[in-house]
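> What follows is a single structure, and I will ask about it in a moment.
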Amino acid sequence: MDQTLETLLGEMKQEIDKWMAYISDKNAEDIVKRTSLQIGIHDYALLEYDKGRVSMTDHDLDLSMPIDRGTPGEPLTEEHVREHIVPELSTYMQHKLDEMPSSLIDYQFTFNGKFRVREGDLNLCILTYADETKKKQLRERIATYIANKLEAGTYPTKPLETFFLSRHILDEELFPDADPAWIIAVFERVQQLNKGNQHLAEHRAYLVKALRNWAEQHWLPRYFDNIGTQWQPEYKKKIDIHLENTEQGPIELLIYAAILILKYEPSYSRSTGLAMLNCAKELGSERARRLTKEGSGTFAKEDVCLRDEMVDCTANDVFAEVSIAIKQETGESYARALRFLTRLFSLGFPKSYQIKLKSSVKQWLPIKGLAKSGTHRFFANALEYPDLYPFVEEYAKAVMEPFEWYADTEGEKNCMPGSYAVFGLGLMDKTFFPLVEEYMGKVDDEHQSVQNHFTVAFKERHGVRTETIPTLIKCMLHCTDSMKLKIQSDMEHDLNVRLLLDQVRSLPYYQVEHIVYLIWGGTDKLKKIAAKAEGERAQWLTELAEAACRR
């Protein structure tokens, strides 16, 4: 090898040394002691060479998408890399791995390379390493954990344990012959033990992430080509590919992954779950076809289907859709549909759902900026019957959930389930002001702004007075700065200023500042108004401005 190649090889070895020193600067022993299911920390490294520069990282490389671009004048050729550099680096890295503390390296390790050579970009694997002793030990630990903590367990488990467990039992290197039914049973047991626990959503998120990685990175590529992108995959079945009888189990695991995504992940993940179901259908799964028509089978038939002379309701949890056909436009028809919906959500139906409505009536709430959807129209129609208000309120309390959204809204018209019911009731009667306040306490104002439109409508309907100010303040706390609420003159009345001040005394300054901005356009403007006021009103306005400032 000539001097140039020797120099480059030396630089690559130096980068390996630097990276090894960097990852060694951790207390690996303490990290792996957190759970018996972690036997090491690092399992991947990537060396990149580009125009004389060498770097090391632990970010994964997609070897299936090489970029072919020739580089005339580059000293390295593909032959140099394959015949000289890769063998040298493989031996060098293996030696380094042997020197590392056991807790630092996982049971297996992959070392990839990306090289800019004269012919173009060259992506390849430099070394794969597996410690069979560690591998056996990890399998034993997993078996012990499942037996003691899951099968015989009666207490909630730790999210960190689920993070590692879910990845391990889907790892074909660890469990090449794992029964998909066993994997599903383990995942279900994790959820069962953590039911009602504050960390259940975190456990489910880890299960879904592991299943998605297994499906998208390992199983689906065997049967489908991704003609989309890494972030928006689009699957096309490979020519002449079909499932063998021995491969039906993984199809059930794919369907299980799709159901978890559709039931528990945010609405923006629905396309992923539906794509998995479609792939299962293309591979001949009758169950996948049935799921798209009838739902997951989680619910009893009588709970997802109601048919009588007044209304026809059917619910599909896979698509998170409820179809409602109003046969007779009466209050009783809507009452039956509302009772059907409320029971559905008490049983665990996905709350990020939508209503497909068939009705001869087309009502909308008197609020600008709401999506004109079947879901909106159903509740606007139902609210025409005052006798139904208690049923509408019961539904709202059952379905309100932070970070969930009606599936037929998006962007600026996104709204939390229960929005139309709460908005309609809040405009109708002061009896429902507490419901409005409860709703506002759940709103994610970073991803929803329809509460701005409701707040404006609320002020126009009920005005600014003693009975409405507490609810109005609660609404403003969860509105965005873009809302235009013209209540400055109303709020400067003596009684209203005093009530506003009493309401915000216990709030942090930044929330008071937000309210002041919505009413007066900012603290500085309020201070100028306070300076011109007289008597107690001047004092109250000044105190309000001070409450809006950081202390």
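Convention: chains lettered A, B, ... in structure tokens order; per-chain residue numbering from 1; ligands numbered from 1 as shown.
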For His447 in chain A, list every protein, DNA or RNA residue within 9 Å, evaluated using only C-alpha atoms, and leave out those in the same chain fewer than 2 positions away; present the list as a ChimeraX atom specification.
/A:403,411-412,414-415,443-445,449
> Generate a file of the selected residues that holds all heavy atoms, formatted as a PDB file, in the first residue's frame.

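File written: part22.pdb
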ATOM      1  N   PHE A 403     -54.298  15.625  23.824  1.00  0.00           N
ATOM      2  CA  PHE A 403     -53.454  15.036  22.767  1.00  0.00           C
ATOM      3  C   PHE A 403     -54.207  14.047  21.878  1.00  0.00           C
ATOM      4  O   PHE A 403     -53.594  13.262  21.160  1.00  0.00           O
ATOM      5  CB  PHE A 403     -52.202  14.374  23.354  1.00  0.00           C
ATOM      6  CG  PHE A 403     -51.515  15.207  24.389  1.00  0.00           C
ATOM      7  CD1 PHE A 403     -51.420  14.791  25.699  1.00  0.00           C
ATOM      8  CD2 PHE A 403     -50.987  16.442  24.057  1.00  0.00           C
ATOM      9  CE1 PHE A 403     -50.805  15.573  26.664  1.00  0.00           C
ATOM     10  CE2 PHE A 403     -50.370  17.241  25.009  1.00  0.00           C
ATOM     11  CZ  PHE A 403     -50.275  16.802  26.316  1.00  0.00           C
ATOM     12  N   GLY A 411     -54.844  20.722  10.900  1.00  0.00           N
ATOM     13  CA  GLY A 411     -54.306  22.073  10.866  1.00  0.00           C
ATOM     14  C   GLY A 411     -54.978  22.989  11.871  1.00  0.00           C
ATOM     15  O   GLY A 411     -55.159  22.649  13.038  1.00  0.00           O
ATOM     16  N   GLU A 412     -55.381  24.175  11.419  1.00  0.00           N
ATOM     17  CA  GLU A 412     -55.977  25.180  12.296  1.00  0.00           C
ATOM     18  C   GLU A 412     -57.344  24.762  12.822  1.00  0.00           C
ATOM     19  O   GLU A 412     -57.849  25.375  13.767  1.00  0.00           O
ATOM     20  CB  GLU A 412     -56.095  26.515  11.551  1.00  0.00           C
ATOM     21  CG  GLU A 412     -54.753  27.154  11.222  1.00  0.00           C
ATOM     22  CD  GLU A 412     -54.912  28.501  10.560  1.00  0.00           C
ATOM     23  OE1 GLU A 412     -56.072  28.865  10.237  1.00  0.00           O
ATOM     24  OE2 GLU A 412     -53.901  29.187  10.365  1.00  0.00           O
ATOM     25  N   ASN A 414     -57.997  21.640  13.886  1.00  0.00           N
ATOM     26  CA  ASN A 414     -57.845  20.528  14.830  1.00  0.00           C
ATOM     27  C   ASN A 414     -58.632  20.815  16.098  1.00  0.00           C
ATOM     28  O   ASN A 414     -58.624  21.941  16.597  1.00  0.00           O
ATOM     29  CB  ASN A 414     -56.368  20.365  15.228  1.00  0.00           C
ATOM     30  CG  ASN A 414     -55.670  19.319  14.390  1.00  0.00           C
ATOM     31  OD1 ASN A 414     -56.263  18.702  13.516  1.00  0.00           O
ATOM     32  ND2 ASN A 414     -54.397  19.126  14.650  1.00  0.00           N
ATOM     33  N   CYS A 415     -59.300  19.799  16.630  1.00  0.00           N
ATOM     34  CA  CYS A 415     -59.936  20.010  17.928  1.00  0.00           C
ATOM     35  C   CYS A 415     -60.052  18.704  18.697  1.00  0.00           C
ATOM     36  O   CYS A 415     -60.220  17.632  18.119  1.00  0.00           O
ATOM     37  CB  CYS A 415     -61.291  20.692  17.806  1.00  0.00           C
ATOM     38  SG  CYS A 415     -62.486  19.911  16.730  1.00  0.00           S
ATOM     39  N   VAL A 443     -57.027  21.316  27.123  1.00  0.00           N
ATOM     40  CA  VAL A 443     -56.658  21.710  25.764  1.00  0.00           C
ATOM     41  C   VAL A 443     -55.139  21.810  25.601  1.00  0.00           C
ATOM     42  O   VAL A 443     -54.454  22.375  26.455  1.00  0.00           O
ATOM     43  CB  VAL A 443     -57.322  23.051  25.397  1.00  0.00           C
ATOM     44  CG1 VAL A 443     -56.637  23.687  24.201  1.00  0.00           C
ATOM     45  CG2 VAL A 443     -58.793  22.852  25.092  1.00  0.00           C
ATOM     46  N   ASP A 444     -54.633  21.272  24.508  1.00  0.00           N
ATOM     47  CA  ASP A 444     -53.225  21.435  24.135  1.00  0.00           C
ATOM     48  C   ASP A 444     -53.151  22.627  23.193  1.00  0.00           C
ATOM     49  O   ASP A 444     -53.329  22.492  21.982  1.00  0.00           O
ATOM     50  CB  ASP A 444     -52.714  20.161  23.454  1.00  0.00           C
ATOM     51  CG  ASP A 444     -51.324  20.328  22.866  1.00  0.00           C
ATOM     52  OD1 ASP A 444     -50.616  21.256  23.295  1.00  0.00           O
ATOM     53  OD2 ASP A 444     -50.962  19.548  21.970  1.00  0.00           O
ATOM     54  N   ASP A 445     -52.897  23.817  23.742  1.00  0.00           N
ATOM     55  CA  ASP A 445     -52.973  25.023  22.921  1.00  0.00           C
ATOM     56  C   ASP A 445     -51.786  25.185  21.978  1.00  0.00           C
ATOM     57  O   ASP A 445     -51.746  26.136  21.192  1.00  0.00           O
ATOM     58  CB  ASP A 445     -53.143  26.275  23.787  1.00  0.00           C
ATOM     59  CG  ASP A 445     -52.120  26.367  24.903  1.00  0.00           C
ATOM     60  OD1 ASP A 445     -50.991  25.900  24.689  1.00  0.00           O
ATOM     61  OD2 ASP A 445     -52.448  26.883  25.981  1.00  0.00           O
ATOM     62  N   SER A 449     -56.240  25.612  18.060  1.00  0.00           N
ATOM     63  CA  SER A 449     -56.568  27.036  18.232  1.00  0.00           C
ATOM     64  C   SER A 449     -58.060  27.322  18.088  1.00  0.00           C
ATOM     65  O   SER A 449     -58.471  28.479  18.179  1.00  0.00           O
ATOM     66  CB  SER A 449     -55.791  27.885  17.223  1.00  0.00           C
ATOM     67  OG  SER A 449     -56.107  27.508  15.895  1.00  0.00           O
TER      68      SER A 449
END
> Tell me which protein, DNA and RNA residues are within 12 Å of Lys527 in chain A, counting only C-alpha atoms, leaving out same-chain ones fewer than 6 positions away, and put them as a ChimeraX atom specification.
/A:516-517,520-521,533,538-549
> CA of Leu274 in chain A and CA of Phe163 in chain A are how many Å apart?
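Atom-to-atom, CA of Leu274 in chain A to CA of Phe163 in chain A, that is 24.3 Å.
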> DSSP says strand (DSSP E or B) for which residues of range 84-219 of chain A? Put them as a PyMOL selection string?
chain A and resi 105-117+120-130
> Could you list, as a ChimeraX atom specification, every residue within 12 Å of Gln14 in chain A, counting only C-alpha atoms and ignoring same-chain residues fewer than 3 positions away?
/A:7-11,17-21,47,54-56,89,92-93,96
> Would you compute the distance between CA of Leu500 in chain A and CA of Met428 in chain A? Give it in Å to one decimal.
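So the answer is 23.6 Å.
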> Show me, as an NGL selection string, the residues that have an atom within 8 Å of range 284-286 of chain A when counting only C-alpha atoms, minus same-chain residues fewer than 3 positions from it.
:A and (243 or 251 or 280-281 or 289-290)
> I'd like to know which of A:Asp171, A:Glu161, A:Glu467, A:Glu438 is closest to Lys33 in chain A, using only C-alpha atoms.
A:Glu161
> Might you pull out every residue within 10 Å of Arg167 in chain A, with only C-alpha atoms counted and same-chain residues fewer than 2 positions away left off, and present them as a PyMOL selection string?
chain A and resi 162-165+169-172+206-207+209-211+213-214
> Listing only residues of range 20-64 of chain A within 8 Å of range 97-110 of chain A, what is the closest atom pair and its distance in Å (to one decimal) for each, using only C-alpha atoms, sorted by chain and residue number ascending, as CSV?

residue,atom,partner,partner_atom,distance
A:Ile23,CA,A:Leu104,CA,7.9
A:Ser24,CA,A:Leu104,CA,7.3
A:Ala28,CA,A:Leu104,CA,5.6
A:Glu29,CA,A:Ser103,CA,5.9
A:Val32,CA,A:Ser103,CA,6.7
A:Ile39,CA,A:Asp106,CA,6.0
A:Gly40,CA,A:Asp106,CA,3.8
A:Ile41,CA,A:Leu104,CA,5.2
A:His42,CA,A:Ile105,CA,4.9
A:Asp43,CA,A:Phe109,CA,4.2
A:Tyr44,CA,A:Thr110,CA,4.8
A:Ala45,CA,A:Thr110,CA,6.5
> Might you pull out every residue within 9 Å of range 310-315 of chain A, with only C-alpha atoms counted and same-chain residues fewer than 2 positions away left off, and present them as an NGL selection string?
:A and (294-295 or 303-308 or 317 or 319-330 or 332-334 or 336-337 or 340 or 344 or 349)
> Tell me, as an NGL selection string, which residues lie within 7 Å of range 482-489 of chain A, counting only C-alpha atoms; anything in the same chain fewer than 5 positions away does not count.
:A and (452 or 456 or 518-520)
